[in-house]
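> Structure in structure tokens, see below.
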Amino acid sequence: MNDLVVFEAVHKSFKVKGKRVKAVDDLGFIIRQGEAIGFVGPNGAGKSTSMKMLMGMLQPDSGRTLLMGRPAADERARQGVGYVPENPYLYDYLTPLEIVRMGLEIHQRARGAEAGQRAMQWLERMGIGYAAHKRVRNLSKGMTQRTALAHALALEPQLLVLDEPMSGLDPVGRKLVADEVQRYRDSGGTLFFCSHILNDVERLASRVLLIDRGRLMADEPMDGLLNKGGLVVRYHLPAPSNHPHATPLPGFESDGTDIWRGHVPAHALWPTLQAIQASGASLLDVHQGLNLEQMFVEVVGK
Ligand SMILES: Nc1ncnc2c1ncn2[C@@H]1O[C@H](COP(=O)(O)OP(=O)(O)OP(=O)(O)O)[C@@H](O)[C@H]1O
């Protein structure tokens with residue numbers, strides 16, 4: 001089986017105070033084995049709702065959602081799939097060690113002492129081994145998040161579904177989780193994750209799906225996006241009263257101050273730098289364009 005996730009013309013709305021709120025609107029896409037999909041979109045775009053439908057926690061109003069080749073509502077579809085929701089709910093009277101060990105046993109990945117050992121190793125890899133025997137009710141948000149991630153990764157899943165995996169983590173935790181997810185990817189795992197941190201998406205995704213108001217607005221391979229982005233050039237151009245001949249370069253925009261910013265393809269960098277110098281402006285910096293951010297702002301801004 002090559003298509004691990006299939007969404008076909010999926011619609012979902014909720015009734016709020018007698019009114020229908022459309023959360024997912026004619027959504028369709030496929031995730032193939034070995035892909036790493038970054039699912040991005042503004043708040044309320046329908047990302048979590050889509051993931052919940054995929055994991056059989058919500059039913060679509062119409063359309064089809066398949067997980068591992070089976071209808072998402074079929075509980076056998078979830079066997080061997082790792083999932084961390086946005087706010088993971090873990091039984092608060094259990095310990096992280098019990099939770100990860102139970103996951104391994106339920107998904108038939110390991111049993112008994114071996115399950116215990118593997119669970120402990122994963123908690124240590126997530127930097128939370130020291131809290132393995134604490135009750136979940138006594139853990140912080142970030143510690144709970146790390147436990148949920150250890151639970152999902154320990155399954156060595158064929159598909160890993162993560163809803164905002166880094167939210168609530170400190171910078172050290174974020175790096176640790178990003179490195180583990182990267183390792184999972186490099187070992188051939190299939191990843192479907194949503195995040196508002198576009199740097200993480202650029203680093204971890206091989207393809208990006210952009211959703212807005214429930215609709216798929218873009219579906220782009222990350223390689224293509226990286227090549228498209230070009231360079232961002234910023235320069236300082238004093239107000240015209242000081243420099244009567246100074247005129248901004250075409251295609252550059254000011255943020256309301258004397259600083260101008262524009263996207264330039266790599267081959268046009270040298271002529272642009274010469275034009276900046278000739279206009280009496282001073283170059284501030286040149287850096288690789290944040291391509292995904294650019295696409296996000298362009299698509300969602302419309
Ligand atoms: N259980 C629910 N009852 C009513 N409305 C809901 C429910 N769950 C989601 N919605 C609505 O559906 C829409 C999509 O929400 P969803 O949580 O899927 O967005 P999201 O893209 O995950 O947002 P965020 O980035 O803020 O987490 C929103 O308008 C939200 O208010």
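FYI, nothing fancy with the structure tokens labels: chains A, B, ... in order, residues from 1 per chain, ligands from 1 as they appear.
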May I have the residues within 6 Å of ligand 1, computed using only C-alpha atoms and all ligand atoms, as an NGL selection string?

:A and (14 or 16 or 23 or 42-49)

> Need the shell around region 264-269 of chain A: protein/DNA/RNA residues with any atom at most 12 Å away, counting only C-alpha atoms. Skip same-chain ones fewer than 2 positions apart. Format as a JSON list (two decimals) with N, CA and C atoms, in the first residue's frame?


[["chain", "number", "residue", "atom", "x", "y", "z"],
["A", 226, "LEU", "N", 11.73, 26.20, -2.18],
["A", 226, "LEU", "CA", 13.04, 26.73, -1.79],
["A", 226, "LEU", "C", 13.72, 27.38, -2.97],
["A", 227, "ASN", "N", 13.55, 26.78, -4.17],
["A", 227, "ASN", "CA", 14.21, 27.37, -5.33],
["A", 227, "ASN", "C", 13.54, 28.66, -5.79],
["A", 228, "LYS", "N", 12.20, 28.72, -5.55],
["A", 228, "LYS", "CA", 11.44, 29.88, -6.00],
["A", 228, "LYS", "C", 11.75, 31.14, -5.20],
["A", 229, "GLY", "N", 12.07, 30.96, -3.93],
["A", 229, "GLY", "CA", 12.07, 32.07, -2.99],
["A", 229, "GLY", "C", 13.04, 33.19, -3.26],
["A", 230, "GLY", "N", 14.21, 32.88, -3.80],
["A", 230, "GLY", "CA", 15.21, 33.91, -4.06],
["A", 230, "GLY", "C", 15.78, 34.52, -2.79],
["A", 231, "LEU", "N", 16.21, 35.78, -2.92],
["A", 231, "LEU", "CA", 16.88, 36.44, -1.81],
["A", 231, "LEU", "C", 16.06, 37.63, -1.36],
["A", 232, "VAL", "N", 16.18, 37.94, -0.09],
["A", 232, "VAL", "CA", 15.53, 39.15, 0.43],
["A", 232, "VAL", "C", 16.62, 40.20, 0.62],
["A", 233, "VAL", "N", 16.40, 41.35, 0.03],
["A", 233, "VAL", "CA", 17.38, 42.44, 0.14],
["A", 233, "VAL", "C", 16.72, 43.59, 0.89],
["A", 234, "ARG", "N", 17.45, 44.15, 1.85],
["A", 234, "ARG", "CA", 16.91, 45.32, 2.58],
["A", 234, "ARG", "C", 17.93, 46.45, 2.46],
["A", 249, "LEU", "N", 13.71, 51.52, -5.46],
["A", 249, "LEU", "CA", 13.82, 50.59, -6.59],
["A", 249, "LEU", "C", 12.46, 49.96, -6.88],
["A", 250, "PRO", "N", 12.18, 49.70, -8.17],
["A", 250, "PRO", "CA", 10.90, 49.06, -8.49],
["A", 250, "PRO", "C", 10.79, 47.69, -7.82],
["A", 251, "GLY", "N", 9.61, 47.40, -7.32],
["A", 251, "GLY", "CA", 9.37, 46.08, -6.69],
["A", 251, "GLY", "C", 9.72, 46.06, -5.22],
["A", 252, "PHE", "N", 10.33, 47.12, -4.71],
["A", 252, "PHE", "CA", 10.67, 47.17, -3.27],
["A", 252, "PHE", "C", 9.57, 47.90, -2.51],
["A", 261, "ARG", "N", 12.38, 46.86, 1.39],
["A", 261, "ARG", "CA", 12.61, 45.42, 1.37],
["A", 261, "ARG", "C", 12.03, 44.85, 0.07],
["A", 262, "GLY", "N", 12.78, 43.93, -0.55],
["A", 262, "GLY", "CA", 12.26, 43.32, -1.77],
["A", 262, "GLY", "C", 12.83, 41.93, -1.98],
["A", 271, "PRO", "N", 23.13, 43.31, -10.20],
["A", 271, "PRO", "CA", 22.56, 44.57, -10.70],
["A", 271, "PRO", "C", 21.74, 45.31, -9.63],
["A", 272, "THR", "N", 21.07, 44.55, -8.75],
["A", 272, "THR", "CA", 20.27, 45.20, -7.69],
["A", 272, "THR", "C", 21.19, 45.94, -6.74],
["A", 273, "LEU", "N", 22.30, 45.31, -6.35],
["A", 273, "LEU", "CA", 23.23, 45.96, -5.43],
["A", 273, "LEU", "C", 23.81, 47.23, -6.07],
["A", 274, "GLN", "N", 24.10, 47.15, -7.37],
["A", 274, "GLN", "CA", 24.63, 48.34, -8.06],
["A", 274, "GLN", "C", 23.58, 49.45, -8.08],
["A", 275, "ALA", "N", 22.33, 49.07, -8.33],
["A", 275, "ALA", "CA", 21.25, 50.07, -8.38],
["A", 275, "ALA", "C", 21.05, 50.72, -7.01],
["A", 276, "ILE", "N", 21.19, 49.93, -5.95],
["A", 276, "ILE", "CA", 21.04, 50.47, -4.60],
["A", 276, "ILE", "C", 22.12, 51.51, -4.35],
["A", 283, "LEU", "N", 22.96, 49.59, 1.64],
["A", 283, "LEU", "CA", 22.53, 48.20, 1.79],
["A", 283, "LEU", "C", 22.53, 47.82, 3.27],
["A", 285, "ASP", "N", 21.05, 44.38, 4.50],
["A", 285, "ASP", "CA", 21.42, 42.96, 4.51],
["A", 285, "ASP", "C", 20.77, 42.22, 3.34],
["A", 286, "VAL", "N", 21.31, 41.02, 3.10],
["A", 286, "VAL", "CA", 20.78, 40.13, 2.07],
["A", 286, "VAL", "C", 20.68, 38.76, 2.74],
["A", 287, "HIS", "N", 19.49, 38.15, 2.66],
["A", 287, "HIS", "CA", 19.40, 36.79, 3.20],
["A", 287, "HIS", "C", 18.45, 35.95, 2.37],
["A", 288, "GLN", "N", 18.55, 34.64, 2.57],
["A", 288, "GLN", "CA", 17.69, 33.69, 1.84],
["A", 288, "GLN", "C", 16.23, 33.99, 2.18],
["A", 289, "GLY", "N", 15.38, 34.09, 1.16],
["A", 289, "GLY", "CA", 13.97, 34.39, 1.41],
["A", 289, "GLY", "C", 13.28, 33.28, 2.20],
["A", 291, "ASN", "N", 10.66, 31.38, 2.05],
["A", 291, "ASN", "CA", 9.74, 31.14, 0.94],
["A", 291, "ASN", "C", 8.34, 30.75, 1.39]]

> Which residues of region 25-94 of chain A have any atom within 6 Å of an atom in region 148-169 of chain A when counting only C-alpha atoms, and what is the closest pair of atoms for each, with the distance in Å to one decimal? Order the rows by chain and rising number and write it as JSON lines.


{"residue": "A:Gly80", "atom": "CA", "partner": "A:Pro157", "partner_atom": "CA", "distance": 5.2}
{"residue": "A:Val81", "atom": "CA", "partner": "A:Leu159", "partner_atom": "CA", "distance": 5.1}
{"residue": "A:Gly82", "atom": "CA", "partner": "A:Ala152", "partner_atom": "CA", "distance": 4.3}
{"residue": "A:Tyr83", "atom": "CA", "partner": "A:Val161", "partner_atom": "CA", "distance": 4.6}
{"residue": "A:Val84", "atom": "CA", "partner": "A:Leu162", "partner_atom": "CA", "distance": 4.9}
{"residue": "A:Pro85", "atom": "CA", "partner": "A:Asp163", "partner_atom": "CA", "distance": 5.0}
{"residue": "A:Glu86", "atom": "CA", "partner": "A:Asp163", "partner_atom": "CA", "distance": 4.9}

> Fewer than 4 positions away in the same chain doesn't count, so skip those; otherwise give me all residues within 10 Å of Gly188 (chain A), counting only C-alpha atoms, as a list in words.

Gln33, Gly34, Glu35, Ala36, Gln158, Leu159, Arg183 and Tyr184 of chain A

> Write the residues of the selection above to a file with N, CA and C atoms, as a CSV table (one decimal), in the first residue's frame.


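Generated file (out35.csv):
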chain,number,residue,atom,x,y,z
A,33,GLN,N,3.6,6.9,0.9
A,33,GLN,CA,4.6,6.4,1.8
A,33,GLN,C,5.9,7.2,1.7
A,34,GLY,N,6.5,7.6,2.8
A,34,GLY,CA,7.9,8.2,2.7
A,34,GLY,C,7.8,9.7,2.6
A,35,GLU,N,6.6,10.3,2.4
A,35,GLU,CA,6.5,11.8,2.3
A,35,GLU,C,6.4,12.4,3.7
A,36,ALA,N,6.8,13.6,3.8
A,36,ALA,CA,6.7,14.4,5.0
A,36,ALA,C,5.9,15.6,4.7
A,158,GLN,N,4.4,3.5,11.1
A,158,GLN,CA,4.5,3.7,9.6
A,158,GLN,C,4.1,5.1,9.2
A,159,LEU,N,3.2,5.6,10.0
A,159,LEU,CA,2.7,7.0,9.8
A,159,LEU,C,2.7,7.7,11.1
A,183,ARG,N,15.0,12.3,12.4
A,183,ARG,CA,15.6,11.0,12.4
A,183,ARG,C,14.5,10.0,11.9
A,184,TYR,N,13.3,10.2,12.4
A,184,TYR,CA,12.2,9.3,12.0
A,184,TYR,C,12.0,9.4,10.4

> Quick one: residues within 10 Å of Pro71 (chain A), only C-alpha atoms counted, chain neighbours fewer than 4 positions away excluded, as a PyMOL selection string?

chain A and resi 5-6+54-56+64-67+75-77

> Find the residues around Tyr91 (chain A) up to 12 Å (only C-alpha atoms counted), leave out those fewer than 6 positions away in its own chain, and share them as number ranges by chain.

A: 98-100, 102, 135-139, 144, 147-148

> Determine, using only C-alpha atoms, which residues of region 199-221 of chain A have any atom at most 12 Å from an atom of region 189-194 of chain A, and tabulate each with its shortest atom pair and distance in Å to one decimal place, rows ordered by chain and then rising number, as CSV.


residue,atom,partner,partner_atom,distance
A:Asp200,CA,A:Cys194,CA,9.8
A:Val201,CA,A:Cys194,CA,8.1
A:Glu202,CA,A:Cys194,CA,11.8
A:Leu204,CA,A:Leu191,CA,8.9
A:Ala205,CA,A:Leu191,CA,8.1
A:Ser206,CA,A:Leu191,CA,9.4
A:Arg207,CA,A:Phe192,CA,9.8
A:Val208,CA,A:Cys194,CA,9.7
A:Leu209,CA,A:Cys194,CA,9.4
A:Leu210,CA,A:Cys194,CA,9.9
A:Ile211,CA,A:Cys194,CA,10.6

> Hey, can you check how far CA of Ile197 (chain A) sits from CA of Asp25 (chain A)?

24.1 Å

> Write out as a ChimeraX atom specification the set of residues from region 38-136 of chain A that DSSP, computed on the backbone, places in helix (DSSP H, G or I).

/A:47-54,75-78,96-106,112-125,129-131,136

> Restricting the output to C-alpha atoms, write the selected residues as a PDB file, in the first residue's frame.


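File produced: result.pdb:
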ATOM      1  CA  LYS A  47      -6.192  21.609  10.260  1.00  0.00           C
ATOM      2  CA  SER A  48      -7.076  19.965  13.586  1.00  0.00           C
ATOM      3  CA  THR A  49     -10.557  19.053  12.339  1.00  0.00           C
ATOM      4  CA  SER A  50      -8.973  17.304   9.335  1.00  0.00           C
ATOM      5  CA  MET A  51      -6.541  15.413  11.551  1.00  0.00           C
ATOM      6  CA  LYS A  52      -9.338  14.372  13.905  1.00  0.00           C
ATOM      7  CA  MET A  53     -11.330  13.024  10.942  1.00  0.00           C
ATOM      8  CA  LEU A  54      -8.252  11.123   9.799  1.00  0.00           C
ATOM      9  CA  GLU A  75     -10.244   1.170  14.305  1.00  0.00           C
ATOM     10  CA  ARG A  76      -7.904  -1.316  12.553  1.00  0.00           C
ATOM     11  CA  ALA A  77      -6.737   1.610  10.374  1.00  0.00           C
ATOM     12  CA  ARG A  78      -5.039   3.170  13.411  1.00  0.00           C
ATOM     13  CA  PRO A  96       4.748   8.449  31.595  1.00  0.00           C
ATOM     14  CA  LEU A  97       6.384   5.026  31.775  1.00  0.00           C
ATOM     15  CA  GLU A  98       3.005   3.279  32.053  1.00  0.00           C
ATOM     16  CA  ILE A  99       1.568   5.311  29.170  1.00  0.00           C
ATOM     17  CA  VAL A 100       4.415   4.619  26.739  1.00  0.00           C
ATOM     18  CA  ARG A 101       4.582   0.939  27.767  1.00  0.00           C
ATOM     19  CA  MET A 102       0.813   0.513  27.304  1.00  0.00           C
ATOM     20  CA  GLY A 103       1.066   2.076  23.840  1.00  0.00           C
ATOM     21  CA  LEU A 104       3.719  -0.470  22.843  1.00  0.00           C
ATOM     22  CA  GLU A 105       1.576  -3.317  24.121  1.00  0.00           C
ATOM     23  CA  ILE A 106      -1.718  -2.138  22.589  1.00  0.00           C
ATOM     24  CA  GLY A 112       6.333  -7.253  29.279  1.00  0.00           C
ATOM     25  CA  ALA A 113       9.883  -6.348  30.326  1.00  0.00           C
ATOM     26  CA  GLU A 114      10.904  -5.464  26.773  1.00  0.00           C
ATOM     27  CA  ALA A 115       8.024  -2.973  26.504  1.00  0.00           C
ATOM     28  CA  GLY A 116       9.141  -1.420  29.808  1.00  0.00           C
ATOM     29  CA  GLN A 117      12.753  -1.073  28.634  1.00  0.00           C
ATOM     30  CA  ARG A 118      11.800   0.426  25.300  1.00  0.00           C
ATOM     31  CA  ALA A 119       9.370   2.818  26.948  1.00  0.00           C
ATOM     32  CA  MET A 120      12.122   4.029  29.290  1.00  0.00           C
ATOM     33  CA  GLN A 121      14.553   4.495  26.380  1.00  0.00           C
ATOM     34  CA  TRP A 122      12.026   6.646  24.527  1.00  0.00           C
ATOM     35  CA  LEU A 123      11.286   8.772  27.565  1.00  0.00           C
ATOM     36  CA  GLU A 124      15.023   9.365  27.905  1.00  0.00           C
ATOM     37  CA  ARG A 125      15.318  10.280  24.230  1.00  0.00           C
ATOM     38  CA  GLY A 129      13.339   9.961  31.735  1.00  0.00           C
ATOM     39  CA  TYR A 130      13.735  11.723  35.104  1.00  0.00           C
ATOM     40  CA  ALA A 131       9.904  11.995  35.369  1.00  0.00           C
ATOM     41  CA  VAL A 136       0.721  12.724  34.676  1.00  0.00           C
TER      42      VAL A 136
END

> Run DSSP on the backbone and give me the residues of region 85-171 of chain A it puts in strand (DSSP E), as a VMD selection string.

chain A and resid 159 to 163

> For Phe296 (chain A), which of A:Leu237, A:Met217, A:Met126, A:Ile259 is the closest residue, counting only C-alpha atoms?

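When distances to Phe296 (chain A) are compared using only C-alpha atoms, the smallest one comes from A:Met217.
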
> What's the separation between CA of Ile30 (chain A) and CA of Pro88 (chain A), in Å to one decimal place?

25.4 Å
